[in-house]
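Written below as structure tokens is the structure these notes are about.
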Amino acid sequence: MSKLDVLREYFDRDKGVAVAFSSGVDSTLLLKVAHDLLGDKCVAITAVSSAFPEAEIKEAKGFCDAEGIRQICFDAGVEDSEVFRKNPKDRCYHCKHLIFGRMVEIAKAEGFEIVVEGTNADDVNDYRPGLKAIEELGLVSPLKDVGLSKAEIRELSKELGLPTFSKPAFACLATRFPVGEAITRDALTMVDRAEEVLKGAGFLQYRVRCHRVGDGYMARIEVLPEDISRLLDDELREDVCAKVRECGFRFVSLDLEGYRMGKMN
């Protein structure tokens, strides 16, 4: 039996399930498989916040509309959390606890006792404080339980014709700030807009790290090492710098080491 078959068998056809859906690679596959099996007994729940790229929220809504999936969107309100704003080392735990806790409440109010989320088998080897919140709140992680790696999830997504099979990995925008540096709604919006600049310039994998400098902010751009020479082309470099400054950054810098996941951990 293939892992996809095992995943399909994971869901009880007599019970409904709520899927924590962000439009990422993992949660999109999870939602697709669950909805194909359960139909109206499956609902997508999506958190909305300035901590999440606006484009991701639009993609989540677009996917649910295209697939005929009922979706519940709610204001996560993480920006109002004092712990979130202070940005301690375990910020992710508190943030996930708030968001998933609210999802569980919404799901139960809608008649769904089971909430599933998209942690995969690779995630347990990374620094993920949010996994503790998932365990405490009783959410279920089918992809992890089945043993699906990120590469396998991409392969299955391609087989199922999902648009996310080659989608770059993206994390909450709060990960763009050094631990201990205050996070504000305005700064999150600046980062989101600046990363849209890089996306518009044709880069596929990127980050805009946000550093407080005096009474302003510096953008530290990360792109893949093989893309650095392209970004250093005078015309493109000047255009990107000008547009990133328009987002509200006082300084714009380039990280010569290039992009690496979890660099701010």
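Every chain in the structure tokens has a letter given in the order shown (A, B, ...), and although residue numbers restart at 1 in each chain, ligands are simply numbered from 1 in the order shown.
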Can you tell me which residues surround A:Asp123 at a distance of at most 9 Å, considering only C-alpha atoms, apart from same-chain residues fewer than 4 positions away, and format the answer as an mmCIF file with C-alpha atoms, in the first residue's frame?
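Contents of the output file selection-v2.cif:
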```
data_model
loop_
_atom_site.group_PDB
_atom_site.id
_atom_site.type_symbol
_atom_site.label_atom_id
_atom_site.label_comp_id
_atom_site.auth_asym_id
_atom_site.auth_seq_id
_atom_site.Cartn_x
_atom_site.Cartn_y
_atom_site.Cartn_z
ATOM 1 C CA THR A 119 3.316 18.951 10.058
ATOM 2 C CA TYR A 127 13.572 23.667 15.492
ATOM 3 C CA ARG A 128 9.785 23.908 15.755
ATOM 4 C CA LEU A 131 4.964 21.346 17.754
ATOM 5 C CA LYS A 144 3.813 13.111 10.005
ATOM 6 C CA SER A 149 8.591 13.744 3.858
ATOM 7 C CA LYS A 150 8.503 17.148 2.140
#
```
Write out as a PyMOL selection string the residues lying within 8 Å of A:Ile99, counting only C-alpha atoms and excluding same-chain residues fewer than 6 positions away. chain A and resi 47+76+78
How about saving the chosen residues, N, CA and C atoms kept, as a compact mmCIF listing (two decimals), in the first residue's frame?
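Output saved as out_6.txt:
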```
# COMPACT_ATOMS: atom_id res chain seq x y z
N ALA A 47 -6.37 30.97 9.31
CA ALA A 47 -6.09 32.13 10.16
C ALA A 47 -5.63 33.30 9.30
N ALA A 76 -6.72 36.02 13.45
CA ALA A 76 -5.94 35.33 14.47
C ALA A 76 -5.61 36.24 15.65
N VAL A 78 -2.89 37.71 16.50
CA VAL A 78 -1.60 37.50 17.17
C VAL A 78 -0.87 38.82 17.44
```
Within 8 Å of A:Phe251 using only C-alpha atoms, minus same-chain residues under 5 positions, as a PDB file with N, CA and C atoms, in the first residue's frame:
```pdb
ATOM      1  N   TYR A 217      14.435  50.953  10.070  1.00  0.00           N
ATOM      2  CA  TYR A 217      14.637  49.531   9.837  1.00  0.00           C
ATOM      3  C   TYR A 217      15.561  49.307   8.647  1.00  0.00           C
ATOM      4  N   MET A 218      16.326  48.229   8.719  1.00  0.00           N
ATOM      5  CA  MET A 218      17.144  47.785   7.601  1.00  0.00           C
ATOM      6  C   MET A 218      16.574  46.477   7.064  1.00  0.00           C
ATOM      7  N   ALA A 219      16.464  46.374   5.751  1.00  0.00           N
ATOM      8  CA  ALA A 219      16.060  45.131   5.110  1.00  0.00           C
ATOM      9  C   ALA A 219      17.319  44.363   4.719  1.00  0.00           C
ATOM     10  N   ARG A 245      12.813  50.379  -0.386  1.00  0.00           N
ATOM     11  CA  ARG A 245      12.779  51.611   0.426  1.00  0.00           C
ATOM     12  C   ARG A 245      11.366  52.199   0.442  1.00  0.00           C
TER      13      ARG A 245
END
```
Show me a table, sorted first by chain and then by increasing residue number, of the residues of stretch 44-90 of chain A having an atom at most 7 Å from stretch 181-203 of chain A, each with its shortest atom pair and the distance in Å to one decimal, counting only C-alpha atoms and written as JSON lines.
```
{"residue": "A:Ser50", "atom": "CA", "partner": "A:Leu188", "partner_atom": "CA", "distance": 6.3}
{"residue": "A:Ala51", "atom": "CA", "partner": "A:Leu188", "partner_atom": "CA", "distance": 6.1}
{"residue": "A:Pro53", "atom": "CA", "partner": "A:Asp192", "partner_atom": "CA", "distance": 5.7}
{"residue": "A:Glu79", "atom": "CA", "partner": "A:Arg185", "partner_atom": "CA", "distance": 6.4}
{"residue": "A:Arg85", "atom": "CA", "partner": "A:Ile183", "partner_atom": "CA", "distance": 4.8}
{"residue": "A:Lys86", "atom": "CA", "partner": "A:Ala182", "partner_atom": "CA", "distance": 4.9}
{"residue": "A:Asn87", "atom": "CA", "partner": "A:Ala182", "partner_atom": "CA", "distance": 5.9}
```
Any chance you could export the current selection's N, CA and C atoms as a short mmCIF file (atom, residue, chain, number, x, y, z; two decimals), in the first residue's frame?
```cif
data_model
loop_
_atom_site.label_atom_id
_atom_site.label_comp_id
_atom_site.auth_asym_id
_atom_site.auth_seq_id
_atom_site.Cartn_x
_atom_site.Cartn_y
_atom_site.Cartn_z
N SER A 50 -1.62 39.86 9.86
CA SER A 50 -0.54 40.55 9.16
C SER A 50 0.77 39.81 9.31
N ALA A 51 0.80 38.77 10.17
CA ALA A 51 1.98 37.93 10.30
C ALA A 51 2.09 36.93 9.15
N PRO A 53 1.75 36.37 4.90
CA PRO A 53 1.71 37.12 3.64
C PRO A 53 0.29 37.22 3.09
N GLU A 79 -1.12 39.82 16.59
CA GLU A 79 -0.44 41.11 16.77
C GLU A 79 -0.84 41.79 18.07
N ARG A 85 4.50 40.25 20.39
CA ARG A 85 5.17 41.52 20.08
C ARG A 85 6.58 41.56 20.68
N LYS A 86 6.77 40.96 21.86
CA LYS A 86 8.09 40.96 22.49
C LYS A 86 9.06 40.00 21.80
N ASN A 87 8.52 39.02 21.08
CA ASN A 87 9.31 38.13 20.24
C ASN A 87 10.38 37.34 21.01
#
```
Kindly provide the residues of stretch 30-88 of chain A that approach stretch 2-13 of chain A to within 8 Å, each paired with its closest atom pair and their distance in Å to one decimal, based on only C-alpha atoms, listed by chain and increasing number, as JSON lines.
```
{"residue": "A:Val33", "atom": "CA", "partner": "A:Arg8", "partner_atom": "CA", "distance": 6.7}
{"residue": "A:Ala34", "atom": "CA", "partner": "A:Phe11", "partner_atom": "CA", "distance": 7.0}
{"residue": "A:Leu37", "atom": "CA", "partner": "A:Arg13", "partner_atom": "CA", "distance": 7.0}
{"residue": "A:Leu38", "atom": "CA", "partner": "A:Arg13", "partner_atom": "CA", "distance": 6.0}
```
Could you please determine the separation between atom CA of A:Ile57 and atom CA of A:Ser166 in Å, to one decimal place? 17.9 Å
Which of stretch 26-259 of chain A end up as helix (DSSP H, G or I) when DSSP is run on this backbone - answer as a tab-separated table (two decimals) with N, CA and C atoms, in the first residue's frame?
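As written to disk, result.tsv reads:
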```tsv
chain	number	residue	atom	x	y	z
A	26	ASP	N	2.15	21.55	2.32
A	26	ASP	CA	1.68	20.45	3.17
A	26	ASP	C	0.18	20.49	3.41
A	27	SER	N	-0.32	21.65	3.85
A	27	SER	CA	-1.75	21.72	4.19
A	27	SER	C	-2.64	21.62	2.96
A	28	THR	N	-2.10	22.00	1.78
A	28	THR	CA	-2.90	21.88	0.56
A	28	THR	C	-3.12	20.42	0.20
A	29	LEU	N	-2.06	19.62	0.28
A	29	LEU	CA	-2.22	18.18	0.01
A	29	LEU	C	-3.16	17.55	1.03
A	30	LEU	N	-2.98	17.90	2.29
A	30	LEU	CA	-3.82	17.34	3.35
A	30	LEU	C	-5.29	17.68	3.12
A	31	LEU	N	-5.58	18.92	2.79
A	31	LEU	CA	-6.95	19.35	2.56
A	31	LEU	C	-7.55	18.67	1.33
A	32	LYS	N	-6.75	18.57	0.27
A	32	LYS	CA	-7.23	17.93	-0.97
A	32	LYS	C	-7.64	16.49	-0.71
A	33	VAL	N	-6.78	15.73	-0.05
A	33	VAL	CA	-7.07	14.32	0.22
A	33	VAL	C	-8.28	14.18	1.14
A	34	ALA	N	-8.33	15.00	2.19
A	34	ALA	CA	-9.44	14.92	3.14
A	34	ALA	C	-10.77	15.27	2.48
A	35	HIS	N	-10.77	16.33	1.69
A	35	HIS	CA	-12.03	16.76	1.06
A	35	HIS	C	-12.49	15.78	0.00
A	36	ASP	N	-11.55	15.22	-0.78
A	36	ASP	CA	-11.93	14.23	-1.79
A	36	ASP	C	-12.62	13.03	-1.15
A	37	LEU	N	-12.21	12.67	0.06
A	37	LEU	CA	-12.78	11.52	0.74
A	37	LEU	C	-14.06	11.86	1.51
A	38	LEU	N	-14.07	13.02	2.14
A	38	LEU	CA	-15.14	13.35	3.08
A	38	LEU	C	-16.18	14.33	2.54
A	39	GLY	N	-15.85	15.04	1.49
A	39	GLY	CA	-16.80	16.01	0.92
A	39	GLY	C	-17.21	17.06	1.93
A	40	ASP	N	-18.52	17.20	2.13
A	40	ASP	CA	-19.04	18.23	3.05
A	40	ASP	C	-18.70	17.98	4.51
A	41	LYS	N	-18.16	16.81	4.81
A	41	LYS	CA	-17.74	16.53	6.18
A	41	LYS	C	-16.34	17.08	6.46
A	54	GLU	N	-0.06	38.39	2.65
A	54	GLU	CA	-1.41	38.61	2.10
A	54	GLU	C	-1.67	37.70	0.91
A	55	ALA	N	-0.63	37.47	0.10
A	55	ALA	CA	-0.79	36.61	-1.07
A	55	ALA	C	-1.15	35.18	-0.68
A	56	GLU	N	-0.64	34.72	0.47
A	56	GLU	CA	-0.94	33.36	0.92
A	56	GLU	C	-2.42	33.23	1.29
A	57	ILE	N	-2.97	34.26	1.90
A	57	ILE	CA	-4.39	34.23	2.27
A	57	ILE	C	-5.25	34.20	1.00
A	58	LYS	N	-4.88	34.99	0.01
A	58	LYS	CA	-5.62	35.01	-1.25
A	58	LYS	C	-5.56	33.64	-1.94
A	59	GLU	N	-4.38	33.01	-1.90
A	59	GLU	CA	-4.24	31.69	-2.51
A	59	GLU	C	-5.10	30.66	-1.79
A	60	ALA	N	-5.15	30.76	-0.47
A	60	ALA	CA	-5.97	29.83	0.31
A	60	ALA	C	-7.44	29.95	-0.08
A	61	LYS	N	-7.91	31.17	-0.18
A	61	LYS	CA	-9.31	31.39	-0.56
A	61	LYS	C	-9.57	30.92	-1.99
A	62	GLY	N	-8.61	31.20	-2.88
A	62	GLY	CA	-8.77	30.80	-4.28
A	62	GLY	C	-8.82	29.29	-4.43
A	63	PHE	N	-8.00	28.58	-3.69
A	63	PHE	CA	-7.99	27.12	-3.78
A	63	PHE	C	-9.32	26.54	-3.29
A	64	CYS	N	-9.80	27.03	-2.17
A	64	CYS	CA	-11.06	26.52	-1.63
A	64	CYS	C	-12.22	26.82	-2.58
A	65	ASP	N	-12.21	27.99	-3.18
A	65	ASP	CA	-13.27	28.33	-4.15
A	65	ASP	C	-13.21	27.39	-5.35
A	66	ALA	N	-12.01	27.15	-5.86
A	66	ALA	CA	-11.85	26.29	-7.04
A	66	ALA	C	-12.24	24.85	-6.77
A	67	GLU	N	-11.98	24.37	-5.54
A	67	GLU	CA	-12.25	22.98	-5.19
A	67	GLU	C	-13.64	22.79	-4.57
A	78	VAL	N	-2.89	37.71	16.50
A	78	VAL	CA	-1.60	37.50	17.17
A	78	VAL	C	-0.87	38.82	17.44
A	79	GLU	N	-1.12	39.82	16.59
A	79	GLU	CA	-0.44	41.11	16.77
A	79	GLU	C	-0.84	41.79	18.07
A	80	ASP	N	-1.97	41.38	18.64
A	80	ASP	CA	-2.43	41.96	19.91
A	80	ASP	C	-1.84	41.24	21.12
A	82	GLU	N	0.92	40.34	23.68
A	82	GLU	CA	2.13	40.97	24.19
A	82	GLU	C	3.34	40.06	24.01
A	83	VAL	N	3.15	38.75	24.20
A	83	VAL	CA	4.26	37.81	24.02
A	83	VAL	C	4.73	37.82	22.58
A	84	PHE	N	3.80	37.83	21.65
A	84	PHE	CA	4.15	37.87	20.22
A	84	PHE	C	4.96	39.11	19.90
A	85	ARG	N	4.50	40.25	20.39
A	85	ARG	CA	5.17	41.52	20.08
A	85	ARG	C	6.58	41.56	20.68
A	86	LYS	N	6.77	40.96	21.86
A	86	LYS	CA	8.09	40.96	22.49
A	86	LYS	C	9.06	40.00	21.80
A	91	ARG	N	8.48	32.31	20.93
A	91	ARG	CA	7.34	33.02	20.35
A	91	ARG	C	6.45	32.10	19.53
A	92	CYS	N	7.07	31.23	18.74
A	92	CYS	CA	6.31	30.34	17.86
A	92	CYS	C	5.36	29.47	18.67
A	93	TYR	N	5.80	29.02	19.83
A	93	TYR	CA	4.93	28.19	20.67
A	93	TYR	C	3.68	28.98	21.08
A	94	HIS	N	3.88	30.19	21.58
A	94	HIS	CA	2.74	30.99	22.04
A	94	HIS	C	1.82	31.36	20.87
A	95	CYS	N	2.42	31.68	19.73
A	95	CYS	CA	1.64	32.05	18.56
A	95	CYS	C	0.79	30.87	18.08
A	96	LYS	N	1.42	29.71	17.95
A	96	LYS	CA	0.71	28.52	17.50
A	96	LYS	C	-0.38	28.12	18.49
A	97	HIS	N	-0.09	28.29	19.77
A	97	HIS	CA	-1.07	27.92	20.79
A	97	HIS	C	-2.31	28.81	20.65
A	98	LEU	N	-2.09	30.09	20.40
A	98	LEU	CA	-3.19	31.02	20.23
A	98	LEU	C	-4.00	30.68	18.98
A	99	ILE	N	-3.31	30.49	17.87
A	99	ILE	CA	-3.98	30.25	16.59
A	99	ILE	C	-4.70	28.91	16.58
A	100	PHE	N	-3.99	27.84	16.94
A	100	PHE	CA	-4.60	26.52	16.91
A	100	PHE	C	-5.67	26.36	17.98
A	101	GLY	N	-5.46	27.05	19.10
A	101	GLY	CA	-6.49	27.02	20.13
A	101	GLY	C	-7.79	27.60	19.62
A	102	ARG	N	-7.69	28.69	18.91
A	102	ARG	CA	-8.89	29.32	18.32
A	102	ARG	C	-9.50	28.41	17.26
A	103	MET	N	-8.65	27.73	16.48
A	103	MET	CA	-9.17	26.82	15.45
A	103	MET	C	-9.96	25.68	16.08
A	104	VAL	N	-9.44	25.14	17.18
A	104	VAL	CA	-10.14	24.06	17.87
A	104	VAL	C	-11.52	24.55	18.36
A	105	GLU	N	-11.56	25.76	18.89
A	105	GLU	CA	-12.83	26.33	19.35
A	105	GLU	C	-13.82	26.47	18.19
A	106	ILE	N	-13.34	27.00	17.07
A	106	ILE	CA	-14.20	27.18	15.90
A	106	ILE	C	-14.69	25.84	15.38
A	107	ALA	N	-13.78	24.88	15.29
A	107	ALA	CA	-14.15	23.56	14.78
A	107	ALA	C	-15.24	22.92	15.65
A	108	LYS	N	-15.07	22.98	16.96
A	108	LYS	CA	-16.07	22.38	17.86
A	108	LYS	C	-17.42	23.08	17.74
A	109	ALA	N	-17.37	24.41	17.58
A	109	ALA	CA	-18.62	25.17	17.42
A	109	ALA	C	-19.35	24.77	16.14
A	123	ASP	N	9.67	17.72	9.66
A	123	ASP	CA	9.58	18.84	10.61
A	123	ASP	C	10.06	18.47	12.01
A	124	VAL	N	9.96	17.21	12.36
A	124	VAL	CA	10.35	16.81	13.72
A	124	VAL	C	11.86	16.94	13.94
A	125	ASN	N	12.62	17.07	12.85
A	125	ASN	CA	14.08	17.19	12.95
A	125	ASN	C	14.53	18.65	12.93
A	130	GLY	N	6.45	25.27	17.84
A	130	GLY	CA	5.01	25.14	17.67
A	130	GLY	C	4.50	23.72	17.80
A	131	LEU	N	5.39	22.74	17.64
A	131	LEU	CA	4.96	21.35	17.75
A	131	LEU	C	4.44	21.03	19.15
A	132	LYS	N	4.98	21.70	20.15
A	132	LYS	CA	4.53	21.50	21.53
A	132	LYS	C	3.08	21.97	21.67
A	133	ALA	N	2.74	23.10	21.06
A	133	ALA	CA	1.37	23.61	21.13
A	133	ALA	C	0.41	22.66	20.43
A	134	ILE	N	0.83	22.11	19.31
A	134	ILE	CA	0.00	21.17	18.56
A	134	ILE	C	-0.32	19.95	19.42
A	135	GLU	N	0.69	19.45	20.11
A	135	GLU	CA	0.50	18.28	20.98
A	135	GLU	C	-0.42	18.62	22.15
A	136	GLU	N	-0.20	19.77	22.79
A	136	GLU	CA	-1.00	20.15	23.95
A	136	GLU	C	-2.47	20.33	23.61
A	137	LEU	N	-2.75	20.83	22.42
A	137	LEU	CA	-4.12	21.13	22.03
A	137	LEU	C	-4.83	19.93	21.40
A	142	PRO	N	-1.58	14.04	10.33
A	142	PRO	CA	-1.59	12.84	9.47
A	142	PRO	C	-0.34	12.67	8.61
A	143	LEU	N	0.17	13.75	8.04
A	143	LEU	CA	1.34	13.63	7.16
A	143	LEU	C	2.54	13.09	7.93
A	144	LYS	N	2.72	13.59	9.15
A	144	LYS	CA	3.81	13.11	10.01
A	144	LYS	C	3.59	11.66	10.41
A	145	ASP	N	2.36	11.35	10.80
A	145	ASP	CA	2.05	10.01	11.26
A	145	ASP	C	2.23	8.96	10.15
A	146	VAL	N	1.91	9.35	8.93
A	146	VAL	CA	2.06	8.44	7.79
A	146	VAL	C	3.52	8.32	7.37
A	150	LYS	N	8.84	16.01	3.00
A	150	LYS	CA	8.50	17.15	2.14
A	150	LYS	C	8.62	16.76	0.67
A	151	ALA	N	9.69	16.05	0.33
A	151	ALA	CA	9.89	15.64	-1.06
A	151	ALA	C	8.75	14.74	-1.54
A	152	GLU	N	8.32	13.83	-0.68
A	152	GLU	CA	7.22	12.93	-1.05
A	152	GLU	C	5.91	13.70	-1.18
A	153	ILE	N	5.71	14.68	-0.33
A	153	ILE	CA	4.50	15.50	-0.41
A	153	ILE	C	4.47	16.28	-1.71
A	154	ARG	N	5.61	16.81	-2.13
A	154	ARG	CA	5.67	17.52	-3.41
A	154	ARG	C	5.38	16.56	-4.58
A	155	GLU	N	5.93	15.37	-4.50
A	155	GLU	CA	5.71	14.38	-5.56
A	155	GLU	C	4.24	14.00	-5.66
A	156	LEU	N	3.60	13.75	-4.53
A	156	LEU	CA	2.18	13.40	-4.52
A	156	LEU	C	1.33	14.57	-4.99
A	157	SER	N	1.72	15.78	-4.60
A	157	SER	CA	0.98	16.97	-5.02
A	157	SER	C	1.01	17.11	-6.54
A	158	LYS	N	2.16	16.81	-7.12
A	158	LYS	CA	2.28	16.87	-8.58
A	158	LYS	C	1.39	15.82	-9.24
A	159	GLU	N	1.39	14.62	-8.67
A	159	GLU	CA	0.55	13.55	-9.21
A	159	GLU	C	-0.93	13.92	-9.17
A	173	LEU	N	5.75	35.55	8.80
A	173	LEU	CA	6.61	36.73	8.64
A	173	LEU	C	7.33	37.11	9.92
A	174	ALA	N	6.86	36.65	11.06
A	174	ALA	CA	7.55	36.94	12.33
A	174	ALA	C	8.94	36.33	12.35
A	175	THR	N	9.17	35.30	11.53
A	175	THR	CA	10.49	34.66	11.49
A	175	THR	C	11.54	35.56	10.83
A	176	ARG	N	11.12	36.69	10.31
A	176	ARG	CA	12.07	37.62	9.66
A	176	ARG	C	12.74	38.55	10.68
A	185	ARG	N	2.91	45.58	13.82
A	185	ARG	CA	2.06	45.35	12.65
A	185	ARG	C	2.63	46.07	11.43
A	186	ASP	N	3.12	47.32	11.62
A	186	ASP	CA	3.68	48.08	10.51
A	186	ASP	C	4.91	47.40	9.93
A	187	ALA	N	5.77	46.88	10.81
A	187	ALA	CA	6.99	46.22	10.33
A	187	ALA	C	6.66	44.94	9.57
A	188	LEU	N	5.64	44.21	10.03
A	188	LEU	CA	5.21	43.01	9.31
A	188	LEU	C	4.71	43.36	7.91
A	189	THR	N	3.97	44.43	7.81
A	189	THR	CA	3.46	44.87	6.52
A	189	THR	C	4.60	45.28	5.60
A	190	MET	N	5.61	45.95	6.15
A	190	MET	CA	6.79	46.33	5.36
A	190	MET	C	7.49	45.11	4.79
A	191	VAL	N	7.67	44.09	5.62
A	191	VAL	CA	8.33	42.87	5.17
A	191	VAL	C	7.51	42.19	4.07
A	192	ASP	N	6.21	42.10	4.27
A	192	ASP	CA	5.33	41.46	3.28
A	192	ASP	C	5.44	42.18	1.94
A	193	ARG	N	5.38	43.49	1.95
A	193	ARG	CA	5.46	44.27	0.71
A	193	ARG	C	6.83	44.13	0.06
A	194	ALA	N	7.88	44.11	0.87
A	194	ALA	CA	9.24	43.99	0.32
A	194	ALA	C	9.46	42.63	-0.32
A	195	GLU	N	8.90	41.58	0.28
A	195	GLU	CA	9.05	40.26	-0.31
A	195	GLU	C	8.25	40.14	-1.60
A	196	GLU	N	7.16	40.88	-1.70
A	196	GLU	CA	6.41	40.92	-2.96
A	196	GLU	C	7.25	41.58	-4.06
A	197	VAL	N	8.12	42.51	-3.69
A	197	VAL	CA	9.03	43.13	-4.65
A	197	VAL	C	9.95	42.06	-5.25
A	198	LEU	N	10.52	41.21	-4.39
A	198	LEU	CA	11.41	40.16	-4.86
A	198	LEU	C	10.66	39.13	-5.70
A	199	LYS	N	9.45	38.82	-5.28
A	199	LYS	CA	8.62	37.90	-6.06
A	199	LYS	C	8.34	38.49	-7.44
A	200	GLY	N	8.02	39.78	-7.48
A	200	GLY	CA	7.75	40.44	-8.75
A	200	GLY	C	8.96	40.53	-9.65
A	225	PRO	N	21.89	31.34	-3.27
A	225	PRO	CA	23.25	31.71	-3.67
A	225	PRO	C	23.43	31.88	-5.17
A	226	GLU	N	22.77	31.02	-5.95
A	226	GLU	CA	22.91	31.10	-7.40
A	226	GLU	C	22.18	32.31	-8.00
A	227	ASP	N	21.35	32.97	-7.19
A	227	ASP	CA	20.61	34.15	-7.68
A	227	ASP	C	21.28	35.47	-7.28
A	228	ILE	N	22.32	35.39	-6.47
A	228	ILE	CA	22.95	36.62	-5.97
A	228	ILE	C	23.52	37.46	-7.11
A	229	SER	N	24.19	36.81	-8.06
A	229	SER	CA	24.80	37.57	-9.17
A	229	SER	C	23.74	38.29	-10.00
A	230	ARG	N	22.58	37.67	-10.13
A	230	ARG	CA	21.49	38.32	-10.87
A	230	ARG	C	21.00	39.56	-10.14
A	231	LEU	N	20.86	39.45	-8.83
A	231	LEU	CA	20.39	40.58	-8.04
A	231	LEU	C	21.39	41.73	-8.05
A	234	ASP	N	23.27	45.89	-12.01
A	234	ASP	CA	23.03	47.28	-11.60
A	234	ASP	C	21.58	47.71	-11.75
A	235	GLU	N	20.99	47.44	-12.91
A	235	GLU	CA	19.63	47.92	-13.16
A	235	GLU	C	18.64	47.27	-12.20
A	236	LEU	N	18.73	45.94	-12.03
A	236	LEU	CA	17.80	45.25	-11.14
A	236	LEU	C	18.06	45.63	-9.69
A	237	ARG	N	19.33	45.72	-9.31
A	237	ARG	CA	19.67	46.08	-7.94
A	237	ARG	C	19.10	47.45	-7.57
A	238	GLU	N	19.27	48.42	-8.45
A	238	GLU	CA	18.76	49.76	-8.18
A	238	GLU	C	17.24	49.77	-8.09
A	239	ASP	N	16.59	48.99	-8.96
A	239	ASP	CA	15.13	48.93	-8.96
A	239	ASP	C	14.61	48.29	-7.67
A	240	VAL	N	15.22	47.16	-7.27
A	240	VAL	CA	14.81	46.48	-6.04
A	240	VAL	C	15.04	47.37	-4.82
A	241	CYS	N	16.21	48.02	-4.77
A	241	CYS	CA	16.51	48.89	-3.62
A	241	CYS	C	15.49	50.02	-3.50
A	242	ALA	N	15.17	50.64	-4.64
A	242	ALA	CA	14.22	51.76	-4.62
A	242	ALA	C	12.85	51.29	-4.14
A	243	LYS	N	12.40	50.14	-4.63
A	243	LYS	CA	11.07	49.65	-4.28
A	243	LYS	C	11.01	49.17	-2.83
A	244	VAL	N	12.10	48.57	-2.34
A	244	VAL	CA	12.12	48.12	-0.94
A	244	VAL	C	12.11	49.33	-0.01
A	245	ARG	N	12.81	50.38	-0.39
A	245	ARG	CA	12.78	51.61	0.43
A	245	ARG	C	11.37	52.20	0.44
A	246	GLU	N	10.67	52.10	-0.67
A	246	GLU	CA	9.30	52.60	-0.73
A	246	GLU	C	8.39	51.84	0.24
```
Give me every strand (DSSP E) residue in stretch 6-249 of chain A, going by DSSP on the backbone, as a VMD selection string. chain A and resid 17 to 20 42 to 48 71 to 75 115 to 116 206 to 213 216 to 223
Please write the residues from the selection above to a file, keeping C-alpha atoms, as a PDB file, in the first residue's frame.
```pdb
ATOM      1  CA  VAL A  17     -12.588  16.764  10.015  1.00  0.00           C
ATOM      2  CA  ALA A  18     -11.445  20.369  10.153  1.00  0.00           C
ATOM      3  CA  VAL A  19      -8.180  21.116   8.332  1.00  0.00           C
ATOM      4  CA  ALA A  20      -5.867  23.924   9.440  1.00  0.00           C
ATOM      5  CA  CYS A  42     -14.480  18.413   5.643  1.00  0.00           C
ATOM      6  CA  VAL A  43     -13.980  22.108   6.348  1.00  0.00           C
ATOM      7  CA  ALA A  44     -10.914  24.315   5.936  1.00  0.00           C
ATOM      8  CA  ILE A  45     -10.061  26.783   8.695  1.00  0.00           C
ATOM      9  CA  THR A  46      -7.671  29.606   7.805  1.00  0.00           C
ATOM     10  CA  ALA A  47      -6.090  32.130  10.155  1.00  0.00           C
ATOM     11  CA  VAL A  48      -5.795  35.689   8.858  1.00  0.00           C
ATOM     12  CA  GLN A  71     -13.696  27.587   4.311  1.00  0.00           C
ATOM     13  CA  ILE A  72     -13.845  29.486   7.587  1.00  0.00           C
ATOM     14  CA  CYS A  73     -11.439  32.429   7.897  1.00  0.00           C
ATOM     15  CA  PHE A  74     -10.849  34.148  11.218  1.00  0.00           C
ATOM     16  CA  ASP A  75      -8.748  37.010  12.537  1.00  0.00           C
ATOM     17  CA  VAL A 115      -8.647  19.141  13.741  1.00  0.00           C
ATOM     18  CA  VAL A 116      -5.743  18.105  11.522  1.00  0.00           C
ATOM     19  CA  TYR A 206      13.779  34.672  -0.784  1.00  0.00           C
ATOM     20  CA  ARG A 207      13.495  36.335   2.592  1.00  0.00           C
ATOM     21  CA  VAL A 208      13.576  39.944   3.741  1.00  0.00           C
ATOM     22  CA  ARG A 209      14.995  39.941   7.263  1.00  0.00           C
ATOM     23  CA  CYS A 210      14.038  42.994   9.275  1.00  0.00           C
ATOM     24  CA  HIS A 211      16.544  44.665  11.631  1.00  0.00           C
ATOM     25  CA  ARG A 212      15.970  47.704  13.804  1.00  0.00           C
ATOM     26  CA  VAL A 213      18.610  50.394  13.161  1.00  0.00           C
ATOM     27  CA  GLY A 216      14.324  52.976  11.400  1.00  0.00           C
ATOM     28  CA  TYR A 217      14.637  49.531   9.837  1.00  0.00           C
ATOM     29  CA  MET A 218      17.144  47.785   7.601  1.00  0.00           C
ATOM     30  CA  ALA A 219      16.060  45.131   5.110  1.00  0.00           C
ATOM     31  CA  ARG A 220      18.550  42.258   4.782  1.00  0.00           C
ATOM     32  CA  ILE A 221      17.686  40.439   1.576  1.00  0.00           C
ATOM     33  CA  GLU A 222      18.337  36.726   1.170  1.00  0.00           C
ATOM     34  CA  VAL A 223      18.060  34.968  -2.177  1.00  0.00           C
TER      35      VAL A 223
END
```
Hey, which of A:Val140, A:Met1, A:Cys172, A:Ala121 ends up closest to A:Ser22? Count only C-alpha atoms.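 Looking only at the distances to A:Ser22, the closest residue turns out to be A:Cys172.
Distance-wise, atom CA of A:Val25 and atom CA of A:Gly258 end up 22.6 Å apart.
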